[in-house]
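K.L.:
Structure file my_file_22.txt (compact mmCIF, C-alpha atoms and all ligand atoms) right here:
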# COMPACT_ATOMS: atom_id res chain seq x y z
CA MET A 1 14.35 4.13 -5.91
CA LYS A 2 12.75 6.92 -3.92
CA PHE A 3 8.97 6.76 -3.63
CA ASN A 4 7.39 9.58 -5.60
CA PRO A 5 3.59 9.55 -5.72
CA ALA A 6 3.21 11.76 -8.80
CA ASP A 7 5.76 9.73 -10.80
CA ASN A 8 3.85 6.58 -9.91
CA ILE A 9 0.66 8.08 -11.35
CA GLN A 10 2.49 9.32 -14.44
CA ASP A 11 3.90 5.86 -15.15
CA LEU A 12 0.43 4.34 -15.45
CA GLN A 13 -0.82 3.98 -19.00
CA TYR A 14 -4.44 3.21 -19.76
CA PHE A 15 -5.74 3.19 -23.34
CA GLY A 16 -9.26 3.33 -24.70
CA GLU A 17 -10.66 0.44 -26.74
CA PHE A 18 -10.03 2.31 -30.05
CA GLY A 19 -6.54 3.39 -29.04
CA GLY A 20 -7.86 6.42 -27.19
CA VAL A 21 -5.37 8.22 -24.97
CA ASN A 22 -7.90 8.01 -22.15
CA PRO A 23 -9.52 4.72 -21.15
CA SER A 24 -13.02 4.16 -22.47
CA ILE A 25 -15.83 4.75 -20.01
CA SER A 26 -17.75 1.69 -19.00
CA ASP A 27 -21.31 2.91 -19.51
CA SER A 28 -23.10 -0.14 -18.11
CA SER A 29 -24.53 -1.17 -14.80
CA THR A 30 -24.51 -4.89 -15.66
CA TYR A 31 -22.36 -7.22 -17.74
CA THR A 32 -23.06 -10.29 -19.88
CA PHE A 33 -21.43 -13.69 -19.46
CA LEU A 34 -20.84 -16.31 -22.13
CA SER A 35 -21.37 -19.04 -19.60
CA ALA A 36 -23.47 -19.34 -16.46
CA LYS A 37 -20.51 -20.95 -14.70
CA THR A 38 -18.36 -17.81 -15.13
CA MET A 39 -21.20 -15.72 -13.71
CA PHE A 40 -21.33 -17.97 -10.65
CA ASP A 41 -17.53 -17.81 -10.26
CA THR A 42 -17.59 -14.03 -10.50
CA PHE A 43 -20.19 -13.87 -7.73
CA GLU A 44 -17.91 -15.99 -5.62
CA GLY A 45 -15.03 -13.61 -6.37
CA ASN A 46 -13.10 -16.22 -8.38
CA ALA A 47 -13.18 -14.81 -11.90
CA ASP A 48 -10.45 -12.20 -12.27
CA GLY A 49 -11.03 -9.67 -15.00
CA CYS A 50 -14.78 -10.27 -15.18
CA TYR A 51 -17.32 -7.65 -14.24
CA LEU A 52 -20.66 -8.52 -12.73
CA TYR A 53 -22.56 -5.45 -11.63
CA SER A 54 -21.39 -1.86 -11.27
CA ARG A 55 -22.01 -1.49 -7.54
CA HIS A 56 -19.32 -4.13 -7.16
CA SER A 57 -16.80 -2.69 -9.59
CA THR A 58 -16.45 -1.21 -13.06
CA PRO A 59 -13.45 -0.89 -15.36
CA SER A 60 -13.53 2.91 -14.95
CA ASN A 61 -13.59 2.69 -11.16
CA LEU A 62 -10.79 0.15 -11.20
CA TYR A 63 -8.58 2.42 -13.35
CA LEU A 64 -9.07 5.29 -10.94
CA GLY A 65 -8.62 3.05 -7.90
CA GLU A 66 -5.34 1.65 -9.25
CA ALA A 67 -4.03 5.16 -9.97
CA LEU A 68 -4.85 6.25 -6.41
CA ALA A 69 -3.26 3.09 -5.00
CA ALA A 70 -0.12 3.92 -7.00
CA MET A 71 -0.22 7.42 -5.56
CA GLU A 72 -0.47 6.18 -1.96
CA GLY A 73 1.78 3.17 -2.42
CA THR A 74 -0.81 0.60 -1.35
CA GLU A 75 -1.63 -2.72 -2.99
CA THR A 76 -4.98 -1.53 -4.29
CA ALA A 77 -7.86 0.87 -3.64
CA HIS A 78 -11.63 1.14 -3.82
CA VAL A 79 -13.34 4.32 -5.03
CA THR A 80 -16.64 5.43 -3.54
CA ALA A 81 -19.43 7.93 -4.10
CA SER A 82 -18.11 10.41 -1.51
CA GLY A 83 -15.47 10.79 1.18
CA MET A 84 -18.02 9.78 3.81
CA GLY A 85 -18.89 6.83 1.56
CA ALA A 86 -15.27 5.75 1.99
CA ILE A 87 -14.91 6.49 5.71
CA THR A 88 -18.06 4.94 7.14
CA PRO A 89 -17.72 1.46 5.58
CA VAL A 90 -14.11 1.26 6.75
CA PHE A 91 -15.18 1.68 10.39
CA LEU A 92 -18.06 -0.73 9.95
CA GLN A 93 -15.83 -3.32 8.30
CA LEU A 94 -13.17 -3.12 11.00
CA CYS A 95 -15.46 -2.94 14.03
CA GLU A 96 -18.35 -4.90 15.41
CA ALA A 97 -20.63 -4.40 18.42
CA GLY A 98 -18.55 -3.99 21.58
CA ASP A 99 -15.49 -2.65 19.77
CA HIS A 100 -13.79 0.64 20.50
CA ILE A 101 -12.09 3.30 18.37
CA VAL A 102 -9.49 5.87 19.39
CA SER A 103 -9.81 8.94 17.20
CA SER A 104 -8.22 12.33 16.95
CA ARG A 105 -10.64 14.92 18.33
CA THR A 106 -9.87 17.35 15.51
CA ILE A 107 -11.36 15.68 12.48
CA TYR A 108 -13.88 16.60 9.79
CA GLY A 109 -17.29 17.32 11.40
CA GLY A 110 -19.09 14.58 9.47
CA THR A 111 -16.64 11.91 10.60
CA TYR A 112 -16.89 13.21 14.15
CA ALA A 113 -20.70 13.07 14.00
CA PHE A 114 -20.61 9.50 12.66
CA LEU A 115 -18.38 8.30 15.50
CA LYS A 116 -20.02 10.39 18.20
CA ASN A 117 -23.70 10.01 17.32
CA PHE A 118 -24.15 7.10 14.93
CA THR A 119 -21.83 4.20 15.76
CA PRO A 120 -22.86 4.14 19.48
CA ARG A 121 -26.23 2.87 18.18
CA LEU A 122 -24.30 -0.21 17.06
CA ASN A 123 -22.46 -0.39 20.39
CA ILE A 124 -19.23 0.86 18.84
CA HIS A 125 -17.77 3.63 20.99
CA THR A 126 -15.04 6.17 20.34
CA SER A 127 -12.62 8.03 22.60
CA PHE A 128 -11.63 11.39 21.11
CA VAL A 129 -8.09 12.42 22.02
CA ASP A 130 -5.45 15.03 21.32
CA ILE A 131 -3.63 13.12 18.57
CA THR A 132 -0.45 15.16 19.03
CA LYS A 133 0.03 13.71 22.54
CA LEU A 134 1.15 10.11 22.05
CA GLU A 135 0.90 9.24 25.75
CA VAL A 136 -2.74 10.41 25.76
CA VAL A 137 -3.44 8.34 22.64
CA GLU A 138 -1.89 5.23 24.20
CA ALA A 139 -3.72 5.73 27.50
CA ALA A 140 -7.06 5.74 25.62
CA ILE A 141 -6.45 2.29 24.09
CA THR A 142 -8.46 -0.50 25.75
CA GLU A 143 -8.62 -4.23 25.16
CA ASN A 144 -11.61 -3.60 22.87
CA THR A 145 -9.87 -1.01 20.69
CA LYS A 146 -9.66 -2.00 17.04
CA VAL A 147 -8.92 1.23 15.18
CA LEU A 148 -6.70 4.26 15.62
CA TYR A 149 -8.03 7.08 13.43
CA CYS A 150 -6.66 10.47 12.44
CA GLU A 151 -6.26 12.98 9.64
CA THR A 152 -2.67 13.66 8.52
CA VAL A 153 -3.42 17.38 8.69
CA SER A 154 -6.62 17.90 10.61
CA ASN A 155 -9.75 19.72 9.54
CA PRO A 156 -9.94 22.56 10.49
CA LEU A 157 -7.15 23.17 13.01
CA LEU A 158 -4.32 21.88 10.81
CA GLU A 159 -2.85 19.75 13.58
CA VAL A 160 -0.32 17.29 12.23
CA ALA A 161 -0.37 13.61 13.19
CA ASP A 162 2.91 11.77 13.72
CA ILE A 163 2.03 8.90 11.39
CA LYS A 164 5.20 6.88 12.03
CA ALA A 165 4.81 7.00 15.81
CA LEU A 166 1.08 6.26 15.59
CA ALA A 167 1.81 3.30 13.29
CA GLU A 168 4.20 1.90 15.89
CA LEU A 169 1.58 2.35 18.58
CA ALA A 170 -1.03 0.64 16.39
CA LYS A 171 1.32 -2.27 15.76
CA LYS A 172 2.12 -2.64 19.44
CA HIS A 173 -1.58 -2.86 20.36
CA HIS A 174 -2.69 -4.82 17.24
CA LEU A 175 -4.85 -1.98 15.91
CA LYS A 176 -5.44 -0.76 12.38
CA LEU A 177 -4.15 2.77 11.76
CA VAL A 178 -6.61 4.52 9.43
CA VAL A 179 -5.53 7.91 8.10
CA ASP A 180 -7.61 10.48 6.21
CA ASN A 181 -5.10 12.20 3.90
CA THR A 182 -7.57 14.59 2.25
CA PHE A 183 -5.68 17.77 3.23
CA SER A 184 -2.24 16.59 2.12
CA PRO A 185 -2.33 14.53 -1.09
CA LEU A 186 1.15 13.95 -2.58
CA SER A 187 2.75 16.01 0.24
CA VAL A 188 2.47 13.12 2.70
CA SER A 189 2.24 9.39 1.90
CA PRO A 190 0.81 7.84 5.10
CA ALA A 191 1.01 4.21 3.97
CA LYS A 192 4.73 4.67 3.38
CA LEU A 193 4.98 5.83 6.99
CA GLY A 194 3.15 2.78 8.29
CA ALA A 195 -0.60 3.52 8.03
CA ASP A 196 -2.70 0.44 7.24
CA ILE A 197 -5.50 2.22 5.40
CA VAL A 198 -5.47 5.63 3.71
CA ILE A 199 -8.66 7.47 2.85
CA HIS A 200 -9.37 10.56 0.78
CA SER A 201 -12.34 12.68 0.06
CA LEU A 202 -11.70 12.99 -3.69
CA THR A 203 -14.12 15.92 -3.66
CA LYS A 204 -11.26 18.19 -2.62
CA PHE A 205 -7.73 18.64 -4.03
CA ILE A 206 -7.62 15.38 -5.96
CA ASN A 207 -10.55 16.25 -8.20
CA GLY A 208 -9.87 19.96 -7.88
CA THR A 209 -12.78 21.32 -9.90
CA SER A 210 -15.54 21.35 -7.24
CA ASP A 211 -17.93 19.57 -9.59
CA THR A 212 -18.36 16.23 -7.85
CA VAL A 213 -18.10 14.35 -4.59
CA GLY A 214 -16.04 11.18 -4.39
CA GLY A 215 -13.90 9.10 -2.07
CA VAL A 216 -11.31 6.35 -1.96
CA VAL A 217 -10.04 3.70 0.44
CA CYS A 218 -6.43 2.64 -0.23
CA GLY A 219 -5.18 -0.55 1.45
CA THR A 220 -4.25 -4.17 1.06
CA GLN A 221 -5.92 -6.42 -1.50
CA GLU A 222 -7.25 -8.48 1.40
CA PHE A 223 -8.98 -5.53 3.06
CA ILE A 224 -10.40 -4.08 -0.18
CA ASP A 225 -11.72 -7.56 -1.07
CA GLN A 226 -13.41 -7.66 2.34
CA LEU A 227 -15.05 -4.26 1.71
CA ARG A 228 -16.36 -5.48 -1.65
CA ASN A 229 -17.47 -8.93 -0.53
CA VAL A 230 -21.03 -9.62 -1.73
CA ASN A 231 -21.97 -11.33 1.54
CA ASP A 232 -20.58 -9.06 4.22
CA GLY A 233 -18.62 -6.25 2.60
CA ALA A 234 -19.60 -2.85 4.03
CA SER A 235 -18.88 -0.96 0.80
CA MET A 236 -20.75 -3.47 -1.32
CA LEU A 237 -23.75 -3.66 0.98
CA LEU A 238 -24.05 0.01 1.96
CA GLY A 239 -23.82 0.88 -1.71
CA ALA A 240 -21.92 4.18 -1.90
CA THR A 241 -20.67 3.45 -5.41
CA MET A 242 -18.95 5.96 -7.65
CA ASP A 243 -20.44 6.40 -11.10
CA SER A 244 -18.16 5.45 -14.02
CA LEU A 245 -18.53 8.84 -15.71
CA ARG A 246 -17.24 10.50 -12.55
CA ALA A 247 -14.41 8.01 -12.16
CA SER A 248 -13.33 8.86 -15.67
CA SER A 249 -13.36 12.64 -15.11
CA LEU A 250 -11.60 12.23 -11.75
CA LEU A 251 -8.82 10.21 -13.36
CA LYS A 252 -8.22 12.97 -15.90
CA ASN A 253 -8.06 15.57 -13.14
CA LEU A 254 -5.70 13.39 -11.09
CA ARG A 255 -3.18 13.68 -13.95
CA THR A 256 -2.57 17.35 -13.07
CA LEU A 257 -2.65 17.03 -9.28
CA HIS A 258 1.12 17.49 -8.88
CA ILE A 259 1.10 20.82 -10.72
CA ARG A 260 -1.90 22.04 -8.77
CA MET A 261 -0.53 20.99 -5.38
CA LYS A 262 2.73 22.83 -6.02
CA GLN A 263 0.80 26.01 -6.87
CA HIS A 264 -1.65 25.61 -3.95
CA SER A 265 1.32 25.16 -1.61
CA TYR A 266 3.28 28.05 -3.08
CA ASN A 267 0.33 30.44 -2.80
CA ALA A 268 -0.68 29.30 0.69
CA SER A 269 2.88 29.60 1.94
CA TYR A 270 3.14 33.09 0.45
CA LEU A 271 -0.06 34.29 2.12
CA ALA A 272 0.67 32.57 5.45
CA ASN A 273 4.02 34.34 5.68
CA LYS A 274 2.45 37.70 4.78
CA PHE A 275 -0.44 37.27 7.24
CA GLU A 276 1.90 36.29 10.04
CA ALA A 277 4.20 39.21 9.31
CA GLU A 278 1.16 41.52 9.60
CA GLY A 279 0.64 40.16 13.12
CA LEU A 280 -2.38 37.96 12.34
CA LYS A 281 -2.72 34.71 14.29
CA THR A 282 -1.91 32.37 11.41
CA VAL A 283 -1.71 28.59 11.34
CA TYR A 284 0.06 26.88 8.42
CA PRO A 285 2.24 23.77 8.66
CA GLY A 286 4.89 25.51 6.54
CA LEU A 287 5.40 28.27 9.12
CA GLN A 288 8.23 27.82 11.63
CA SER A 289 5.72 28.88 14.29
CA HIS A 290 3.49 25.82 13.63
CA PRO A 291 4.02 23.45 16.58
CA SER A 292 4.46 20.51 14.20
CA HIS A 293 6.44 22.25 11.47
CA ASN A 294 9.47 20.00 11.97
CA LEU A 295 7.34 16.89 12.15
CA PHE A 296 5.57 17.75 8.88
CA SER A 297 8.95 18.51 7.27
CA SER A 298 10.24 15.09 8.34
CA MET A 299 7.21 13.27 6.84
CA MET A 300 6.71 15.17 3.59
CA ASN A 301 7.57 14.59 -0.04
CA PRO A 302 9.20 18.03 -0.18
CA GLU A 303 8.50 19.06 -3.78
CA TYR A 304 4.73 19.29 -3.15
CA GLY A 305 5.03 21.72 -0.25
CA TYR A 306 3.04 22.18 2.92
CA GLY A 307 -0.38 22.18 1.27
CA GLY A 308 -3.03 24.68 0.39
CA MET A 309 -4.82 25.05 3.74
CA LEU A 310 -4.29 27.81 6.31
CA THR A 311 -6.27 29.44 9.08
CA ILE A 312 -6.33 32.88 10.65
CA ASP A 313 -8.12 33.97 13.78
CA VAL A 314 -9.73 37.40 13.57
CA GLY A 315 -11.15 37.40 17.11
CA SER A 316 -14.92 37.16 16.67
CA SER A 317 -17.49 35.59 14.40
CA GLU A 318 -18.81 39.07 13.46
CA LYS A 319 -15.40 40.13 12.19
CA ALA A 320 -14.89 36.78 10.46
CA ASN A 321 -18.23 37.11 8.66
CA GLN A 322 -17.63 40.74 7.66
CA LEU A 323 -14.20 39.90 6.29
CA MET A 324 -15.35 36.84 4.35
CA GLU A 325 -18.27 38.74 2.80
CA LEU A 326 -16.02 41.61 1.79
CA MET A 327 -13.31 39.33 0.36
CA GLN A 328 -15.96 37.59 -1.71
CA HIS A 329 -17.34 40.97 -2.87
CA LYS A 330 -13.82 41.97 -3.97
CA ASN A 331 -13.39 38.63 -5.79
CA ALA A 332 -10.48 37.39 -3.64
CA GLY A 333 -12.30 34.08 -3.21
CA TYR A 334 -15.65 32.53 -2.39
CA LEU A 335 -17.46 32.18 0.91
CA ALA A 336 -17.95 28.42 0.58
CA VAL A 337 -17.11 25.20 2.37
CA SER A 338 -14.94 22.51 0.78
CA LEU A 339 -11.39 22.86 -0.52
CA GLY A 340 -8.97 22.28 -3.34
CA PHE A 341 -10.62 24.52 -5.95
CA TYR A 342 -8.81 26.88 -8.41
CA LYS A 343 -10.42 29.74 -6.52
CA THR A 344 -9.69 30.46 -2.87
CA LEU A 345 -12.52 29.24 -0.63
CA PHE A 346 -13.06 30.43 2.93
CA SER A 347 -15.48 29.56 5.69
CA SER A 348 -15.84 29.79 9.42
CA PRO A 349 -15.59 26.17 10.60
CA GLY A 350 -17.37 26.65 13.95
CA SER A 351 -20.60 27.51 12.18
CA SER A 352 -20.16 25.30 9.11
CA THR A 353 -17.96 22.24 8.54
CA SER A 354 -17.37 21.61 12.26
CA SER A 355 -20.80 22.67 13.55
CA GLU A 356 -21.50 19.02 14.44
CA ILE A 357 -18.95 19.39 17.26
CA PRO A 358 -20.62 20.80 20.42
CA GLU A 359 -19.52 24.31 21.44
CA GLU A 360 -17.75 23.26 24.68
CA GLU A 361 -15.73 20.70 22.74
CA GLN A 362 -14.90 23.24 20.06
CA GLN A 363 -13.53 25.50 22.77
CA ALA A 364 -11.57 22.70 24.42
CA MET A 365 -9.80 21.89 21.17
CA GLY A 366 -9.08 25.54 20.36
CA LEU A 367 -11.66 25.97 17.61
CA SER A 368 -12.46 29.62 18.20
CA GLU A 369 -15.39 31.52 16.72
CA GLY A 370 -13.15 34.01 14.89
CA LEU A 371 -11.33 31.24 13.01
CA ILE A 372 -11.41 31.44 9.21
CA ARG A 373 -10.28 28.42 7.23
CA PHE A 374 -8.80 29.16 3.81
CA SER A 375 -8.29 26.76 0.95
CA ILE A 376 -5.90 28.82 -1.13
CA GLY A 377 -6.49 28.78 -4.87
CA LEU A 378 -4.29 28.63 -7.94
CA ASP A 379 -4.03 32.41 -8.38
CA ASN A 380 -1.45 33.39 -10.97
CA ASP A 381 -0.24 36.46 -9.07
CA ILE A 382 -0.62 35.79 -5.36
CA GLU A 383 0.85 39.17 -4.33
CA ARG A 384 -2.04 40.82 -6.20
CA THR A 385 -4.50 38.63 -4.27
CA TYR A 386 -2.72 39.47 -1.03
CA GLN A 387 -3.11 43.18 -1.67
CA VAL A 388 -6.87 42.73 -2.20
CA MET A 389 -7.19 40.66 1.01
CA LYS A 390 -5.11 43.14 2.99
CA LYS A 391 -7.35 46.02 1.88
CA CYS A 392 -10.41 44.05 3.03
CA MET A 393 -8.74 43.33 6.39
CA VAL A 394 -7.99 47.03 6.91
CA GLU A 395 -11.55 47.97 5.92
CA VAL A 396 -13.18 45.65 8.49
CA GLY A 397 -10.63 46.59 11.19
CA VAL A 398 -8.77 43.27 11.38
CA LEU A 399 -5.55 45.04 10.34
CA LYS A 400 -4.42 48.59 10.97
CA LYS A 401 -3.67 50.80 7.94
N1 LIG B 1 -12.48 14.07 5.22
C1 LIG B 1 -12.16 15.37 5.28
C2 LIG B 1 -10.84 15.76 5.90
C3 LIG B 1 -13.05 16.34 4.80
O1 LIG B 1 -12.72 17.63 4.87
C4 LIG B 1 -14.29 15.92 4.26
C5 LIG B 1 -15.27 16.87 3.75
O2 LIG B 1 -15.18 18.07 3.95
C6 LIG B 1 -14.58 14.56 4.23
C7 LIG B 1 -13.66 13.66 4.71
C8 LIG B 1 -15.89 14.04 3.69
O3 LIG B 1 -15.83 14.01 2.30
P1 LIG B 1 -17.12 14.08 1.35
O4 LIG B 1 -17.73 15.43 1.57
O5 LIG B 1 -16.55 13.89 -0.02
O6 LIG B 1 -18.04 13.00 1.76
As structure tokens, what does this structure read like?
Ligand code: PLP
P.N.:
Amino acid sequence: MKFNPADNIQDLQYFGEFGGVNPSISDSSTYTFLSAKTMFDTFEGNADGCYLYSRHSTPSNLYLGEALAAMEGTETAHVTASGMGAITPVFLQLCEAGDHIVSSRTIYGGTYAFLKNFTPRLNIHTSFVDITKLEVVEAAITENTKVLYCETVSNPLLEVADIKALAELAKKHHLKLVVDNTFSPLSVSPAKLGADIVIHSLTKFINGTSDTVGGVVCGTQEFIDQLRNVNDGASMLLGATMDSLRASSLLKNLRTLHIRMKQHSYNASYLANKFEAEGLKTVYPGLQSHPSHNLFSSMMNPEYGYGGMLTIDVGSSEKANQLMELMQHKNAGYLAVSLGFYKTLFSSPGSSTSSEIPEEEQQAMGLSEGLIRFSIGLDNDIERTYQVMKKCMVEVGVLKK
């Protein structure tokens, strides 16, 4: 049967202890044991179904983790307090002093900062490469390389990684391919294409209501057990644990992700086509003009579309700021970082979510100062929104009348 991430989520049934249609929330940080021996066994990781302490795991976190594992098609998953709380322990679990990472150079600014500024303190070094050039990726691999890292669709340039080809490369050189799939949930299933570990910031599309941060690591049981190990597990020891109340609300929001992604994709595709037709420099994986349009099409689960993210380049940061302020004033969206909300969000990555990347490197990768990143919302009538945006663009001189 064909892999369908949303059907896999839908097939999961969890009931509350009184027959509730949602699972009960585990509102405890610690758990009692009838015997001291079972407590000891649980510490040792040998007492399935027992809970010890909520930094380790909770029933609510496990429900959410299993739903996300079903979505990504991995054996299991571990939910965390934020996307960065998922990403950083994965690197620290896979690498030790002296090891090397090959990473895409267009990644979320926080991840970039962690690899560029933080892990070198632990003698873990990273080469940042153009992930779309496989020969460049391979040339960067050394005998110390342990991890190949990328985002399926990169933040903020919307470059697309060839997951299948990267997985083959990783296999050939005995590396772990770690993929951040935050921008393309449901649309792309990286583990099905060969990725070893799939990460999400749940803060974005998956939660979808901009009311919490959260993250997940999807992978094999063996790797997730390593992350949670009480003696040397990076997730367990660094402590970025999701709260049960949040896990419960995230699980409820996950139930509608497929409907939301279809609408995000529909609206983004509509606007991208309109913007491009107006002559604006527009980047959207669903546009024929996107350099990796065919690659994305070959990797995607088609019914969820090309995602809700697009960028335009309006030439200068002054123009970008004027336009964003005016669009917010006219209620076309909010001048805010983050993504995946019902409302359109826009920001200028060079001065916000990618400001950790030095200016020369921003230029080298094509991150221009006039770039505006849009997370397109769930607007009911996207033509109406387009008309508002177009008026704003004419008013600030980005488009001619
Ligand atoms: N990965 C991507 C692609 C992101 O865009 C972000 C945040 O913007 C993160 C990871 C980090 O997630 P969080 O803010 O939930 O820690």
K.L.:
I need the residue nearest Pro349 of chain A from this list: A:Leu52, A:Val136, A:Ala234, A:Ile107. Use all atoms listed in the file for the distance.
P.N.:
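Closest candidate: A:Ile107.
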K.L.:
For ligand LIG 1 (chain B), return the neighbouring residues as a ChimeraX atom specification (distance at most 7 Å; only C-alpha atoms and all ligand atoms).
P.N.:
/A:82-85,107-108,110-111,151,154-155,180,182-183,200-203,213-215,338,353
K.L.:
Restricting the calculation to only C-alpha atoms: of A:Leu287, A:Met236, A:Leu157, A:Ala140, which residue gets closest to Gly109 of chain A?
P.N.:
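Among A:Leu287, A:Met236, A:Leu157, A:Ala140, it is A:Leu157 that comes nearest to Gly109 of chain A.
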K.L.:
Can you work out which one of A:Leu186, A:Tyr342, A:Val396, A:Lys176 has the shortest atom-to-atom distance to Ser316 of chain A, counting all atoms listed in the file?
P.N.:
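For Ser316 of chain A, the nearest of the given residues is A:Val396.
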K.L.:
To one decimal in Å, tell me the separation between atom CA of Thr282 of chain A and atom CA of Gln322 of chain A.
P.N.:
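Between atom CA of Thr282 of chain A and atom CA of Gln322 of chain A the gap is 18.2 Å.
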K.L.:
Give me, please, the distance in Å between atom CA of Asp232 of chain A and atom CA of Lys172 of chain A, quoted to one decimal.
P.N.:
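Separation between atom CA of Asp232 of chain A and atom CA of Lys172 of chain A: 28.1 Å.
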K.L.:
Using only C-alpha atoms, which of the listed residues (A:Gln363, A:Ser265, A:Thr132, A:Ser368) sits closest to Ser292 of chain A?
P.N.:
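Nearest to Ser292 of chain A: A:Thr132.
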K.L.:
Can you tell me which residues surround Pro285 of chain A at a distance of at most 7 Å, considering all atoms listed in the file, apart from same-chain residues fewer than 3 positions away, and format the answer as a ChimeraX atom specification?
P.N.:
/A:290,292-293,296,306
K.L.:
Using all atoms listed in the file, which of the listed residues (A:Val283, A:Met309, A:Leu399, A:Val137) sits closest to His264 of chain A?
P.N.:
A:Met309
K.L.:
Could you name the residues that touch Ile163 of chain A at 10 Å or less, counting all atoms listed in the file, but leaving out those on the same chain fewer than 2 positions away, as a PyMOL selection string?
P.N.:
chain A and resi 150-152+160-161+165-169+177-179+188-195+295-296+299
K.L.:
Restricting it to C-alpha atoms, dump the selection as an mmCIF file, in the coordinates of the input.
P.N.:
data_model
loop_
_atom_site.group_PDB
_atom_site.id
_atom_site.type_symbol
_atom_site.label_atom_id
_atom_site.label_comp_id
_atom_site.auth_asym_id
_atom_site.auth_seq_id
_atom_site.Cartn_x
_atom_site.Cartn_y
_atom_site.Cartn_z
ATOM 1 C CA CYS A 150 -6.660 10.470 12.440
ATOM 2 C CA GLU A 151 -6.260 12.980 9.640
ATOM 3 C CA THR A 152 -2.670 13.660 8.520
ATOM 4 C CA VAL A 160 -0.320 17.290 12.230
ATOM 5 C CA ALA A 161 -0.370 13.610 13.190
ATOM 6 C CA ALA A 165 4.810 7.000 15.810
ATOM 7 C CA LEU A 166 1.080 6.260 15.590
ATOM 8 C CA ALA A 167 1.810 3.300 13.290
ATOM 9 C CA GLU A 168 4.200 1.900 15.890
ATOM 10 C CA LEU A 169 1.580 2.350 18.580
ATOM 11 C CA LEU A 177 -4.150 2.770 11.760
ATOM 12 C CA VAL A 178 -6.610 4.520 9.430
ATOM 13 C CA VAL A 179 -5.530 7.910 8.100
ATOM 14 C CA VAL A 188 2.470 13.120 2.700
ATOM 15 C CA SER A 189 2.240 9.390 1.900
ATOM 16 C CA PRO A 190 0.810 7.840 5.100
ATOM 17 C CA ALA A 191 1.010 4.210 3.970
ATOM 18 C CA LYS A 192 4.730 4.670 3.380
ATOM 19 C CA LEU A 193 4.980 5.830 6.990
ATOM 20 C CA GLY A 194 3.150 2.780 8.290
ATOM 21 C CA ALA A 195 -0.600 3.520 8.030
ATOM 22 C CA LEU A 295 7.340 16.890 12.150
ATOM 23 C CA PHE A 296 5.570 17.750 8.880
ATOM 24 C CA MET A 299 7.210 13.270 6.840
#
K.L.:
What's the separation between atom CA of Lys116 of chain A and atom CA of Asp211 of chain A, in Å to one decimal place?
P.N.:
29.3 Å
K.L.:
Near Glu75 of chain A, counting all atoms listed in the file, which residues have an atom at most 12 Å away, once you skip same-chain residues fewer than 5 positions from it, shown as a short mmCIF file (atom, residue, chain, number, x, y, z; two decimals) with C-alpha atoms, in the frame of the given file?
P.N.:
data_model
loop_
_atom_site.label_atom_id
_atom_site.label_comp_id
_atom_site.auth_asym_id
_atom_site.auth_seq_id
_atom_site.Cartn_x
_atom_site.Cartn_y
_atom_site.Cartn_z
CA GLY A 65 -8.62 3.05 -7.90
CA GLU A 66 -5.34 1.65 -9.25
CA ALA A 67 -4.03 5.16 -9.97
CA LEU A 68 -4.85 6.25 -6.41
CA ALA A 69 -3.26 3.09 -5.00
CA ALA A 70 -0.12 3.92 -7.00
CA ALA A 191 1.01 4.21 3.97
CA LYS A 192 4.73 4.67 3.38
CA ASP A 196 -2.70 0.44 7.24
CA ILE A 197 -5.50 2.22 5.40
CA VAL A 198 -5.47 5.63 3.71
CA VAL A 217 -10.04 3.70 0.44
CA CYS A 218 -6.43 2.64 -0.23
CA GLY A 219 -5.18 -0.55 1.45
CA THR A 220 -4.25 -4.17 1.06
CA GLN A 221 -5.92 -6.42 -1.50
CA GLU A 222 -7.25 -8.48 1.40
CA PHE A 223 -8.98 -5.53 3.06
CA ILE A 224 -10.40 -4.08 -0.18
CA ASP A 225 -11.72 -7.56 -1.07
#
K.L.:
Between A:Phe118, A:Tyr284, A:Phe33, A:Tyr112, which has the minimum distance to Ser354 of chain A (counting only C-alpha atoms)?
P.N.:
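Closest to Ser354 of chain A, using only C-alpha atoms: A:Tyr112.
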K.L.:
Counting all atoms listed in the file, which residues sit no farther than 7 Å from the position (-12.2, 1.8, 3.9) in the file's frame? I'd like them as a CSV table (one decimal) with C-alpha atoms, in the coordinates of the input.
P.N.:
chain,number,residue,atom,x,y,z
A,86,ALA,CA,-15.3,5.8,2.0
A,87,ILE,CA,-14.9,6.5,5.7
A,89,PRO,CA,-17.7,1.5,5.6
A,90,VAL,CA,-14.1,1.3,6.8
A,197,ILE,CA,-5.5,2.2,5.4
A,199,ILE,CA,-8.7,7.5,2.8
A,217,VAL,CA,-10.0,3.7,0.4
K.L.:
Applying 10 Å and only C-alpha atoms, which residues near Ser57 of chain A remain after dropping the ones on its own chain fewer than 3 positions away? List them as a tab-separated table (two decimals) with C-alpha atoms, keeping the file's coordinate frame.
P.N.:
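Saved result, result-v3.tsv, follows:
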chain	number	residue	atom	x	y	z
A	29	SER	CA	-24.53	-1.17	-14.80
A	50	CYS	CA	-14.78	-10.27	-15.18
A	51	TYR	CA	-17.32	-7.65	-14.24
A	52	LEU	CA	-20.66	-8.52	-12.73
A	53	TYR	CA	-22.56	-5.45	-11.63
A	54	SER	CA	-21.39	-1.86	-11.27
A	60	SER	CA	-13.53	2.91	-14.95
A	61	ASN	CA	-13.59	2.69	-11.16
A	62	LEU	CA	-10.79	0.15	-11.20
A	78	HIS	CA	-11.63	1.14	-3.82
A	79	VAL	CA	-13.34	4.32	-5.03
A	228	ARG	CA	-16.36	-5.48	-1.65
A	236	MET	CA	-20.75	-3.47	-1.32
A	241	THR	CA	-20.67	3.45	-5.41
A	242	MET	CA	-18.95	5.96	-7.65
A	243	ASP	CA	-20.44	6.40	-11.10
A	244	SER	CA	-18.16	5.45	-14.02
